[in-house]
file my_file-v9.cif (mmCIF, C-alpha atoms and all ligand atoms)
data_model
loop_
_atom_site.label_atom_id
_atom_site.label_comp_id
_atom_site.auth_asym_id
_atom_site.auth_seq_id
_atom_site.Cartn_x
_atom_site.Cartn_y
_atom_site.Cartn_z
CA MET A 737 85.87 129.14 76.21
CA ASN A 738 85.17 130.28 72.67
CA ILE A 739 85.38 127.39 70.15
CA PRO A 740 85.12 128.48 66.51
CA LEU A 741 82.89 126.68 64.06
CA LYS A 742 84.00 125.39 60.68
CA LEU A 743 82.02 124.86 57.49
CA TYR A 744 82.22 121.19 56.41
CA ARG A 745 81.00 119.32 53.37
CA GLU A 746 80.09 115.63 53.52
CA GLY A 747 78.25 114.03 50.60
CA GLU A 748 75.80 116.69 49.40
CA ALA A 749 75.51 118.39 52.81
CA ASN A 750 77.15 121.68 53.80
CA PHE A 751 77.07 122.25 57.52
CA TYR A 752 78.74 124.00 60.43
CA SER A 753 80.18 122.11 63.38
CA THR A 754 83.03 122.49 65.88
CA ASP A 755 86.38 123.30 64.24
CA LEU A 756 88.14 120.00 64.98
CA ASP A 757 91.62 121.29 63.98
CA TYR A 758 91.29 124.12 66.47
CA LEU A 759 90.19 121.64 69.14
CA GLU A 760 93.17 119.40 68.38
CA ARG A 761 95.56 122.35 68.74
CA LEU A 762 94.10 122.89 72.23
CA GLY A 763 94.71 119.20 72.99
CA ILE A 764 90.95 118.52 73.38
CA SER A 765 89.53 115.24 72.05
CA TYR A 766 86.85 115.44 69.32
CA THR A 767 84.59 113.45 71.71
CA ARG A 768 84.39 116.56 73.90
CA ALA A 769 83.47 118.96 71.10
CA PRO A 770 80.64 121.36 72.04
CA VAL A 771 78.87 120.18 68.86
CA PHE A 772 79.84 116.63 67.92
CA TYR A 773 81.09 115.67 64.47
CA ASN A 774 83.33 112.73 63.58
CA PRO A 775 84.42 112.73 59.92
CA ARG A 776 85.64 109.12 60.37
CA MET A 777 81.99 108.07 60.71
CA LYS A 778 81.25 109.10 57.11
CA LEU A 779 81.12 105.41 56.15
CA ASN A 780 78.53 104.81 58.90
CA ARG A 781 76.37 107.57 57.36
CA ASP A 782 77.03 106.36 53.78
CA VAL A 783 75.75 102.87 54.70
CA THR A 784 72.66 104.45 56.33
CA ILE A 785 71.85 106.54 53.27
CA SER A 786 72.43 103.73 50.81
CA LEU A 787 70.18 101.37 52.79
CA PHE A 788 67.48 104.04 53.27
CA SER A 789 67.27 104.79 49.54
CA THR A 790 67.49 101.12 48.49
CA LEU A 791 64.51 100.29 50.69
CA SER A 792 62.63 103.38 49.38
CA LEU A 793 61.92 104.58 52.93
CA LYS A 794 60.38 108.02 53.26
CA THR A 795 60.33 109.24 56.87
CA ALA A 796 63.16 109.18 59.42
CA ALA A 797 64.27 110.27 62.87
CA ASP A 798 67.80 110.93 64.10
CA LEU A 799 67.20 111.62 67.76
CA MET A 800 70.90 112.11 68.60
CA ALA A 801 71.64 114.22 65.58
CA ALA A 802 74.47 116.57 66.80
CA SER A 803 75.23 118.83 63.78
CA GLY A 804 72.37 117.26 61.80
CA VAL A 805 74.65 115.97 59.05
CA ARG A 806 72.95 112.55 58.87
CA ALA A 807 69.44 114.05 58.75
CA ILE A 808 70.46 116.50 56.02
CA ARG A 809 72.09 113.75 53.95
CA LEU A 810 69.03 111.51 54.40
CA VAL A 811 66.98 114.18 52.61
CA LEU A 812 69.51 115.32 50.00
CA GLU A 813 70.90 111.89 49.08
CA GLY A 814 68.53 109.30 50.56
CA GLY A 815 65.25 110.79 49.29
CA ALA A 816 63.71 111.27 52.76
CA GLU A 817 60.58 113.41 52.70
CA HIS A 818 60.37 114.15 56.41
CA VAL A 819 63.00 113.84 59.18
CA ILE A 820 62.89 114.59 62.90
CA ALA A 821 66.39 115.73 64.00
CA ASN A 822 66.82 116.00 67.76
CA ASP A 823 69.66 116.52 70.22
CA SER A 824 69.54 117.18 73.96
CA ASN A 825 72.47 119.60 73.67
CA TYR A 826 70.89 123.02 73.10
CA LEU A 827 73.99 124.33 71.28
CA ALA A 828 73.84 121.37 68.88
CA ALA A 829 70.11 122.00 68.28
CA TYR A 830 70.84 125.70 67.63
CA ILE A 831 73.61 124.93 65.10
CA MET A 832 71.45 122.18 63.57
CA ARG A 833 68.68 124.73 62.86
CA LYS A 834 71.24 126.94 61.11
CA ASN A 835 72.48 123.93 59.12
CA VAL A 836 68.96 122.96 58.08
CA GLU A 837 68.40 126.55 56.82
CA LEU A 838 71.77 126.57 55.08
CA ASN A 839 70.66 123.54 53.04
CA GLY A 840 67.17 124.98 52.44
CA LEU A 841 65.48 122.06 54.21
CA PHE A 842 63.28 123.74 56.84
CA ARG A 843 60.20 122.08 55.30
CA GLU A 844 61.67 118.56 55.35
CA ILE A 845 63.57 118.56 58.67
CA LYS A 846 61.97 119.34 62.03
CA VAL A 847 64.67 120.22 64.61
CA LYS A 848 64.04 119.49 68.28
CA CYS A 849 65.96 119.84 71.53
CA SER A 850 64.84 117.11 73.92
CA ASP A 851 65.92 113.86 75.51
CA ALA A 852 66.02 111.14 72.82
CA ARG A 853 63.89 108.72 74.84
CA LEU A 854 61.25 111.34 75.61
CA GLU A 855 61.06 112.24 71.94
CA ALA A 856 60.83 108.58 70.85
CA GLU A 857 58.08 107.93 73.41
CA ARG A 858 56.23 111.06 72.22
CA MET A 859 56.46 109.83 68.62
CA SER A 860 54.92 106.49 69.49
CA TRP A 861 52.30 108.01 71.84
CA GLU A 862 51.20 110.57 69.25
CA GLY A 863 51.33 108.06 66.39
CA GLU A 864 54.18 109.85 64.62
CA ARG A 865 56.18 106.67 63.98
CA VAL A 866 58.77 106.72 61.21
CA ASP A 867 60.04 104.32 58.53
CA TYR A 868 63.61 104.64 59.81
CA ILE A 869 65.09 105.55 63.19
CA ASP A 870 68.78 106.00 63.85
CA LEU A 871 70.35 105.27 67.24
CA ASP A 872 73.86 106.69 67.51
CA PRO A 873 74.71 107.32 71.18
CA PHE A 874 77.99 107.83 73.00
CA GLY A 875 78.71 104.26 74.21
CA SER A 876 75.99 101.66 74.69
CA PRO A 877 72.65 101.78 72.85
CA ALA A 878 71.08 99.49 75.50
CA PRO A 879 69.32 102.20 77.56
CA TYR A 880 67.53 103.57 74.47
CA ILE A 881 66.37 100.44 72.63
CA ASP A 882 62.87 100.10 74.16
CA SER A 883 61.81 103.66 73.35
CA PHE A 884 63.38 103.67 69.91
CA LEU A 885 61.73 100.38 68.89
CA ARG A 886 58.34 101.83 69.84
CA ALA A 887 58.91 104.79 67.49
CA VAL A 888 59.41 102.65 64.35
CA ARG A 889 56.47 101.97 62.04
CA GLY A 890 55.61 98.28 61.36
CA GLY A 891 57.83 97.17 58.47
CA GLY A 892 60.29 99.97 59.27
CA VAL A 893 64.00 99.82 60.07
CA ILE A 894 66.19 100.74 63.04
CA GLY A 895 69.93 101.36 62.62
CA VAL A 896 71.94 100.91 65.83
CA THR A 897 75.53 101.97 66.48
CA ALA A 898 77.37 100.66 69.57
CA THR A 899 80.74 102.11 70.56
CA ASP A 900 80.97 100.18 73.84
CA THR A 901 82.95 97.45 72.11
CA PRO A 902 85.01 96.29 75.15
CA PRO A 903 81.95 94.82 76.93
CA LEU A 904 80.40 93.52 73.69
CA PHE A 905 83.70 91.87 72.71
CA GLY A 906 83.77 90.08 76.08
CA ILE A 907 86.73 92.11 77.38
CA TYR A 908 84.53 93.35 80.27
CA PRO A 909 82.32 90.28 80.95
CA ASP A 910 80.51 91.87 83.91
CA LYS A 911 79.30 94.79 81.83
CA LEU A 912 78.38 92.45 78.96
CA HIS A 913 76.11 90.62 81.36
CA ARG A 914 74.75 93.71 83.11
CA PHE A 915 73.93 95.66 79.94
CA TYR A 916 73.10 92.88 77.48
CA GLY A 917 72.18 89.82 79.61
CA ILE A 918 74.92 87.74 77.96
CA TRP A 919 77.61 85.53 79.46
CA GLY A 920 80.88 85.70 77.58
CA LYS A 921 84.57 86.48 77.57
CA LYS A 922 87.15 87.47 74.98
CA THR A 923 87.78 84.88 72.26
CA PRO A 924 89.72 84.86 68.95
CA PHE A 925 86.42 85.64 67.15
CA HIS A 926 85.35 88.35 69.63
CA LYS A 927 84.30 90.94 67.03
CA GLU A 928 81.62 88.75 65.50
CA PHE A 929 80.66 87.58 69.00
CA GLY A 930 80.04 91.27 69.83
CA ILE A 931 77.78 91.73 66.80
CA ARG A 932 75.85 88.53 67.63
CA SER A 933 75.52 89.64 71.28
CA LEU A 934 74.07 93.02 70.29
CA ILE A 935 71.61 91.32 67.91
CA SER A 936 70.57 88.85 70.62
CA PHE A 937 69.91 91.70 73.05
CA ILE A 938 67.85 93.72 70.58
CA THR A 939 65.77 90.74 69.41
CA ARG A 940 64.97 89.94 73.07
CA VAL A 941 63.94 93.54 73.87
CA ALA A 942 61.84 93.58 70.69
CA ALA A 943 60.18 90.29 71.70
CA ARG A 944 59.15 91.91 74.99
CA LEU A 945 57.29 94.51 72.87
CA ASP A 946 55.72 91.79 70.64
CA LEU A 947 58.02 92.86 67.81
CA LEU A 948 60.12 90.73 65.49
CA ALA A 949 63.54 92.35 64.89
CA THR A 950 65.40 90.76 61.98
CA PRO A 951 69.01 91.80 61.31
CA ILE A 952 69.43 92.84 57.68
CA LEU A 953 72.93 94.36 57.66
CA SER A 954 75.71 94.15 60.25
CA TYR A 955 79.32 95.23 60.28
CA GLY A 956 82.12 96.36 62.57
CA ARG A 957 84.74 99.04 62.03
CA GLU A 958 87.44 100.68 64.14
CA HIS A 959 85.75 101.56 67.46
CA TYR A 960 82.13 100.63 66.70
CA ILE A 961 79.68 98.00 65.50
CA ARG A 962 76.56 98.74 63.51
CA VAL A 963 73.42 96.64 62.95
CA PHE A 964 70.24 97.44 61.00
CA PHE A 965 67.02 95.56 61.80
CA ARG A 966 63.70 95.26 60.00
CA ILE A 967 60.91 95.61 62.60
CA ARG A 968 57.54 93.83 62.33
CA LYS A 969 54.67 93.47 64.77
CA SER A 970 54.31 89.72 65.36
CA PRO A 971 54.20 88.06 68.79
CA SER A 972 54.26 84.56 67.23
CA LEU A 973 57.18 85.19 64.87
CA SER A 974 59.18 86.91 67.59
CA SER A 975 58.62 83.92 69.94
CA HIS A 976 59.71 81.60 67.16
CA ALA A 977 62.85 83.63 66.43
CA ILE A 978 63.85 83.71 70.10
CA LYS A 979 63.44 79.92 70.37
CA THR A 980 65.16 78.98 67.12
CA SER A 981 67.72 81.68 66.32
CA LEU A 982 69.39 82.24 69.68
CA GLY A 983 71.81 79.83 71.25
CA TRP A 984 75.19 79.19 72.79
CA VAL A 985 78.79 79.02 71.67
CA GLU A 986 81.65 77.17 73.31
CA CYS A 987 85.11 78.47 72.60
CA CYS A 988 87.55 75.58 72.21
CA ASN A 989 91.06 77.02 71.65
CA ASP A 990 91.03 78.55 68.17
CA SER A 991 87.73 76.91 67.25
CA TRP A 992 84.13 76.84 68.51
CA ILE A 993 80.99 74.71 68.82
CA THR A 994 77.51 76.27 68.54
CA HIS A 995 74.26 74.99 70.11
CA LYS A 996 70.93 76.38 68.89
CA GLY A 997 68.08 76.88 71.39
CA LEU A 998 67.82 78.53 74.77
CA GLU A 999 68.20 75.38 76.87
CA ILE A 1000 71.63 75.15 78.47
CA PRO A 1001 73.43 72.46 76.42
CA GLU A 1002 75.91 69.79 77.49
CA ARG A 1003 79.41 71.15 77.00
CA GLU A 1004 81.50 69.42 74.33
CA CYS A 1005 84.89 70.97 75.10
CA SER A 1006 86.43 72.60 78.15
CA GLY A 1007 85.68 76.13 76.90
CA MET A 1008 83.23 78.52 78.53
CA LEU A 1009 79.59 78.34 77.41
CA MET A 1010 78.76 81.82 76.10
CA GLY A 1011 75.41 83.35 75.19
CA PRO A 1012 72.59 83.50 74.48
CA ILE A 1013 73.76 85.00 71.15
CA TRP A 1014 72.16 85.26 67.68
CA LEU A 1015 73.17 82.24 65.56
CA GLU A 1016 71.32 82.95 62.30
CA LYS A 1017 72.46 85.22 59.46
CA ILE A 1018 73.52 88.72 60.54
CA SER A 1019 73.16 90.29 57.05
CA ASP A 1020 70.85 89.72 54.10
CA PRO A 1021 73.06 89.06 51.02
CA GLU A 1022 70.23 89.79 48.57
CA LEU A 1023 69.60 93.23 50.05
CA ILE A 1024 73.32 94.05 50.18
CA GLY A 1025 73.61 92.98 46.53
CA LYS A 1026 71.01 95.61 45.57
CA MET A 1027 72.46 98.50 47.59
CA ASP A 1028 73.85 101.59 45.85
CA ARG A 1029 77.66 101.58 46.19
CA SER A 1030 78.30 104.95 44.54
CA LEU A 1031 78.66 107.12 47.66
CA SER A 1032 82.32 106.16 48.29
CA ASP A 1033 84.99 103.59 47.44
CA GLU A 1034 85.05 102.58 51.10
CA LEU A 1035 81.32 101.82 50.96
CA LYS A 1036 81.75 99.73 47.82
CA VAL A 1037 84.62 97.70 49.33
CA LEU A 1038 82.64 97.07 52.53
CA LEU A 1039 79.40 96.05 50.78
CA ASP A 1040 81.25 93.77 48.30
CA GLN A 1041 82.98 92.04 51.21
CA LEU A 1042 79.73 91.72 53.22
CA SER A 1043 77.99 90.24 50.16
CA LEU A 1044 80.56 87.45 50.07
CA GLU A 1045 80.86 86.64 53.75
CA SER A 1046 77.14 86.89 54.58
CA HIS A 1047 76.67 83.52 52.84
CA GLY A 1048 79.04 81.91 55.35
CA PRO A 1049 78.54 80.24 58.74
CA PRO A 1050 79.06 82.06 62.08
CA PHE A 1051 82.58 83.04 63.22
CA TYR A 1052 86.05 82.69 61.75
CA TYR A 1053 89.47 81.13 62.32
CA VAL A 1054 92.35 83.55 62.95
CA LEU A 1055 95.29 82.27 60.89
CA ASP A 1056 98.24 83.77 62.76
CA ARG A 1057 96.92 82.43 66.09
CA ILE A 1058 96.65 78.90 64.70
CA CYS A 1059 100.08 79.19 63.07
CA SER A 1060 101.77 80.39 66.23
CA ARG A 1061 100.25 77.43 68.13
CA LEU A 1062 101.42 75.03 65.38
CA LYS A 1063 104.79 76.85 65.29
CA VAL A 1064 104.68 77.27 61.51
CA ARG A 1065 104.97 80.26 59.15
CA THR A 1066 101.61 81.97 58.41
CA PRO A 1067 100.65 81.23 54.78
CA LYS A 1068 98.98 83.80 52.53
CA ILE A 1069 95.32 84.03 53.53
CA ASN A 1070 94.11 83.94 49.92
CA GLU A 1071 95.98 80.65 49.33
CA VAL A 1072 94.23 79.11 52.36
CA ILE A 1073 90.87 80.32 51.04
CA VAL A 1074 91.51 78.87 47.56
CA LYS A 1075 92.59 75.49 49.02
CA LEU A 1076 89.47 75.33 51.20
CA ARG A 1077 87.27 76.06 48.15
CA GLU A 1078 89.12 73.40 46.12
CA ARG A 1079 88.15 70.91 48.81
CA GLY A 1080 84.49 71.91 48.46
CA PHE A 1081 84.16 74.11 51.55
CA PHE A 1082 82.62 77.57 51.81
CA SER A 1083 85.48 80.00 52.41
CA SER A 1084 85.90 83.77 52.50
CA ARG A 1085 87.74 86.49 54.37
CA THR A 1086 85.89 88.48 57.02
CA HIS A 1087 85.88 92.29 57.13
CA LEU A 1088 86.34 92.02 60.91
CA GLU A 1089 89.86 90.52 61.04
CA PRO A 1090 92.69 90.91 58.50
CA LEU A 1091 93.71 87.25 58.99
CA GLY A 1092 90.25 85.82 59.70
CA VAL A 1093 88.90 82.94 57.56
CA LYS A 1094 85.20 82.11 57.46
CA THR A 1095 84.59 78.51 56.49
CA ASN A 1096 82.49 75.47 57.28
CA ALA A 1097 85.65 73.33 57.40
CA SER A 1098 86.73 71.97 60.80
CA ILE A 1099 89.80 73.23 62.65
CA LYS A 1100 91.55 69.93 61.72
CA GLU A 1101 90.96 70.54 58.02
CA VAL A 1102 92.19 74.14 58.32
CA GLU A 1103 95.30 72.99 60.20
CA GLU A 1104 96.06 70.41 57.49
CA ILE A 1105 95.90 73.07 54.78
CA ILE A 1106 98.08 75.46 56.81
CA GLU A 1107 100.71 72.75 57.26
CA GLU A 1108 100.64 71.93 53.55
CA LEU A 1109 101.16 75.61 52.63
CA SER A 1110 103.77 76.47 55.27
C1 LIG B 1201 77.69 110.16 68.70
S1 LIG B 1201 76.88 111.70 68.69
C2 LIG B 1201 75.77 111.57 67.33
C3 LIG B 1201 76.39 111.88 66.01
C4 LIG B 1201 75.42 112.05 64.88
N1 LIG B 1201 74.39 111.02 64.84
C5 LIG B 1201 76.18 112.06 63.56
O1 LIG B 1201 76.01 111.17 62.70
O2 LIG B 1201 77.01 112.99 63.37
C6 LIG B 1201 75.80 111.57 70.05
C7 LIG B 1201 74.91 112.81 70.24
O3 LIG B 1201 73.90 112.44 71.16
C8 LIG B 1201 73.59 113.55 71.96
N2 LIG B 1201 72.96 113.00 73.17
C9 LIG B 1201 73.54 112.36 74.21
N3 LIG B 1201 72.60 111.93 75.07
C10 LIG B 1201 71.40 112.31 74.56
C11 LIG B 1201 70.05 112.14 74.99
N4 LIG B 1201 69.76 111.50 76.11
N5 LIG B 1201 69.07 112.64 74.19
C12 LIG B 1201 69.35 113.28 73.03
N6 LIG B 1201 70.62 113.48 72.60
C13 LIG B 1201 71.62 112.99 73.35
C14 LIG B 1201 74.91 114.25 72.18
O4 LIG B 1201 74.70 115.62 72.50
C15 LIG B 1201 75.59 114.04 70.82
O5 LIG B 1201 75.37 115.15 69.98
#

call {"tool": "encode", "arguments": {"input": "my_file-v9.cif", "output": "C-alpha cells"}}
result
Amino acid sequence: MNIPLKLYREGEANFYSTDLDYLERLGISYTRAPVFYNPRMKLNRDVTISLFSTLSLKTAADLMAASGVRAIRLVLEGGAEHVIANDSNYLAAYIMRKNVELNGLFREIKVKCSDARLEAERMSWEGERVDYIDLDPFGSPAPYIDSFLRAVRGGGVIGVTATDTPPLFGIYPDKLHRFYGIWGKKTPFHKEFGIRSLISFITRVAARLDLLATPILSYGREHYIRVFFRIRKSPSLSSHAIKTSLGWVECCNDSWITHKGLEIPERECSGMLMGPIWLEKISDPELIGKMDRSLSDELKVLLDQLSLESHGPPFYYVLDRICSRLKVRTPKINEVIVKLRERGFFSSRTHLEPLGVKTNASIKEVEEIIEELS
C-alpha cells in the first residue's frame, strides 16, 4: 500500500509524516500510520519544550521519536545543543533523517534506527548520558524504565508518557499489579490514583538502581498521563523517599484515608487498601510558576491550573457523585470552592475532573456546604 506523506508545521518545526487525512479516508486509525504523528499530542510536546528550556538543559534523547518532531522542536525552541533521535521503525528513521535535513539540523540531531532499550543501554555503557530523556511508547512505559533511567545524567530529567490508562486507573487491577506492582481498583479519584501509581513504580525502579527519582511535573489528559522526574544518584535519599513518601489509600465511598509508610496499615473503613502509591507532591509549584507559557494557550491554561492545585493535598471529591448520593442538585463548583476557602480550607479545582474539588476539608464538611448551596 502506498501512503502519501504530508508536510506539517508544529511550533517552529516543518516535517513530513503520514498524511493523516488520507489515512482517515481509508478508514485506518492514526495509531497504525507507517510513520506515527498525533497532532493532539502537541500539548505534550509543548510541556516538554517549556520544561527543557526553563531548566536550561542542553542534551536530550528521544528514543521513540517517530517523525522526529519532538527532537526538532527541542533544538529549535528548547535550546537543545545535541539530541539523539531514534526509532526502531526503519521507515520512521528514514523520514526523520529527511526531516532533520529539512530543518538544517544535521549537526545537532543524530538519527538512529535501533531498539530504544538497546540504544539507552549503549548510551549508559559508553558514557553518553543526556540531560533529558523522553519516553513516549505505545501503551505502558514499564518495560523501558530501567534502561532509560540508566541513560540520564545525574541531575537530569526523564519525561514519561503512559497511554495504558485502564490498568493505571484501576480498571484492570490484574494488569496494574502485574506491570506496576500495585494493588488497586477503580475509584472516584482514579485519574490521580493512576498518576500516583506510575510515580510509585518509577521511584521503586529508580531505587533499585540507587537513584532518587523526584516528580517535578505531573498531569493527565485525554488518553494519557505524563510525569517528569528529576534524577539524582543517592542510595540514602532514595531509601528515605521509598520509606516516607509511599503509602496506602483506602477508598471509603466518595472519600479516602491515606496511610504513609510501607507497612500494611489497619483499615479504617470497609474500602479496599490500595497501593503502595506516591503520597507526596506530584508537581513542584515553584518550577511550574517559572515555566514559559508562550507556546500555546492550552499550555498556559494547564500550567496555571497545575500551579494552583499542586499546593493541595492528594485526591479530590467528585461533586456530582456526592450530590447524586445525597439526592440533591449539583451546585456550581466555583461556589463550593469559595465556601470552602471562606471556612479556611485549601480548595481548588483539579485539571483531571471537570467536577473534582481538591480540599483538605472532610467529606462531612463538603456535604454540609453542598446541602447549603443546593
Ligand atoms: C507514540 S510514538 C512516539 C511519538 C513521538 N515521540 C512524538 O512525539 O511524535 C511511539 C514510537 O515508538 C516506536 N517504537 C515502538 N517500539 C519501539 C522500540 N522498542 N524501540 C524504538 N522505537 C520503538 C514506534 O515505531 C513509534 O514511532

call {"tool": "residues_near_ligand", "arguments": {"input": "my_file-v9.cif", "ligand": "ligand LIG 1201 (chain B)", "cutoff": "10 Å", "atoms": "only C-alpha atoms and all ligand atoms", "output": "PyMOL selection string"}}
result
chain A and resi 753+767-778+780-781+784+798-807+809+821-829+848-856+870-875+879-880+897-899

call {"tool": "atom_distance", "arguments": {"input": "my_file-v9.cif", "atom1": "CA of Phe1082 (chain A)", "atom2": "CA of Thr1095 (chain A)"}}
result
5.2 Å

call {"tool": "closest_residue", "arguments": {"input": "my_file-v9.cif", "among": "A:Asn738, A:Thr795, A:Thr754, A:Ser970", "to": "Gly890 (chain A)", "atoms": "all atoms listed in the file"}}
result
A:Ser970

call {"tool": "closest_atom_pairs", "arguments": {"input": "my_file-v9.cif", "of": "region 774-888 of chain A", "to": "region 1020-1033 of chain A", "cutoff": "12 Å", "atoms": "only C-alpha atoms", "output": "JSON lines"}}
result
{"residue": "A:Lys778", "atom": "CA", "partner": "A:Ser1032", "partner_atom": "CA", "distance": 9.4}
{"residue": "A:Leu779", "atom": "CA", "partner": "A:Ser1032", "partner_atom": "CA", "distance": 8.0}
{"residue": "A:Asn780", "atom": "CA", "partner": "A:Ser1032", "partner_atom": "CA", "distance": 11.3}
{"residue": "A:Arg781", "atom": "CA", "partner": "A:Leu1031", "partner_atom": "CA", "distance": 10.0}
{"residue": "A:Asp782", "atom": "CA", "partner": "A:Leu1031", "partner_atom": "CA", "distance": 6.4}
{"residue": "A:Val783", "atom": "CA", "partner": "A:Leu1031", "partner_atom": "CA", "distance": 8.7}
{"residue": "A:Thr784", "atom": "CA", "partner": "A:Met1027", "partner_atom": "CA", "distance": 10.6}
{"residue": "A:Ile785", "atom": "CA", "partner": "A:Leu1031", "partner_atom": "CA", "distance": 8.8}
{"residue": "A:Ser786", "atom": "CA", "partner": "A:Asp1028", "partner_atom": "CA", "distance": 5.6}
{"residue": "A:Leu787", "atom": "CA", "partner": "A:Met1027", "partner_atom": "CA", "distance": 6.4}
{"residue": "A:Phe788", "atom": "CA", "partner": "A:Met1027", "partner_atom": "CA", "distance": 9.4}
{"residue": "A:Ser789", "atom": "CA", "partner": "A:Asp1028", "partner_atom": "CA", "distance": 8.2}
{"residue": "A:Thr790", "atom": "CA", "partner": "A:Met1027", "partner_atom": "CA", "distance": 5.7}
{"residue": "A:Leu791", "atom": "CA", "partner": "A:Met1027", "partner_atom": "CA", "distance": 8.7}
{"residue": "A:Ser792", "atom": "CA", "partner": "A:Met1027", "partner_atom": "CA", "distance": 11.1}
{"residue": "A:Arg809", "atom": "CA", "partner": "A:Leu1031", "partner_atom": "CA", "distance": 11.3}
{"residue": "A:Glu813", "atom": "CA", "partner": "A:Leu1031", "partner_atom": "CA", "distance": 9.2}
{"residue": "A:Gly814", "atom": "CA", "partner": "A:Asp1028", "partner_atom": "CA", "distance": 10.5}

call {"tool": "residues_around", "arguments": {"input": "my_file-v9.cif", "residues": "region 962-969 of chain A", "least_positions_apart": "2", "cutoff": "8 Å", "atoms": "only C-alpha atoms", "output": "CSV table (one decimal) with C-alpha atoms, keeping the file's coordinate frame"}}
result
chain,number,residue,atom,x,y,z
A,780,ASN,CA,78.5,104.8,58.9
A,885,LEU,CA,61.7,100.4,68.9
A,888,VAL,CA,59.4,102.6,64.4
A,889,ARG,CA,56.5,102.0,62.0
A,890,GLY,CA,55.6,98.3,61.4
A,891,GLY,CA,57.8,97.2,58.5
A,892,GLY,CA,60.3,100.0,59.3
A,893,VAL,CA,64.0,99.8,60.1
A,894,ILE,CA,66.2,100.7,63.0
A,895,GLY,CA,69.9,101.4,62.6
A,896,VAL,CA,71.9,100.9,65.8
A,897,THR,CA,75.5,102.0,66.5
A,898,ALA,CA,77.4,100.7,69.6
A,931,ILE,CA,77.8,91.7,66.8
A,935,ILE,CA,71.6,91.3,67.9
A,946,ASP,CA,55.7,91.8,70.6
A,947,LEU,CA,58.0,92.9,67.8
A,948,LEU,CA,60.1,90.7,65.5
A,949,ALA,CA,63.5,92.4,64.9
A,950,THR,CA,65.4,90.8,62.0
A,951,PRO,CA,69.0,91.8,61.3
A,952,ILE,CA,69.4,92.8,57.7
A,953,LEU,CA,72.9,94.4,57.7
A,954,SER,CA,75.7,94.2,60.2
A,955,TYR,CA,79.3,95.2,60.3
A,956,GLY,CA,82.1,96.4,62.6
A,960,TYR,CA,82.1,100.6,66.7
A,971,PRO,CA,54.2,88.1,68.8

call {"tool": "atom_distance", "arguments": {"input": "my_file-v9.cif", "atom1": "CA of His1047 (chain A)", "atom2": "CA of Ser1098 (chain A)"}}
result
17.3 Å

call {"tool": "closest_residue", "arguments": {"input": "my_file-v9.cif", "among": "A:Met859, A:Val819, A:Leu904, A:Ala749", "to": "Gly840 (chain A)", "atoms": "only C-alpha atoms"}}
result
A:Ala749

call {"tool": "closest_residue", "arguments": {"input": "my_file-v9.cif", "among": "A:Arg1065, A:Arg761, A:Lys1017, A:Lys742", "to": "Arg932 (chain A)", "atoms": "all atoms listed in the file"}}
result
A:Lys1017

call {"tool": "axis_aligned_box", "arguments": {"input": "my_file-v9.cif", "around": "region 1099-1106 of chain A", "padding_each_side": "8 Å", "output": "lines of an AutoDock Vina configuration file"}}
result
center_x = 93.9
center_y = 72.7
center_z = 58.7
size_x = 24.3
size_y = 21.5
size_z = 23.9

call {"tool": "closest_residue", "arguments": {"input": "my_file-v9.cif", "among": "A:Cys988, A:Ile1018, A:Ala942, A:Ile1013", "to": "Ile918 (chain A)", "atoms": "all atoms listed in the file"}}
result
A:Ile1013
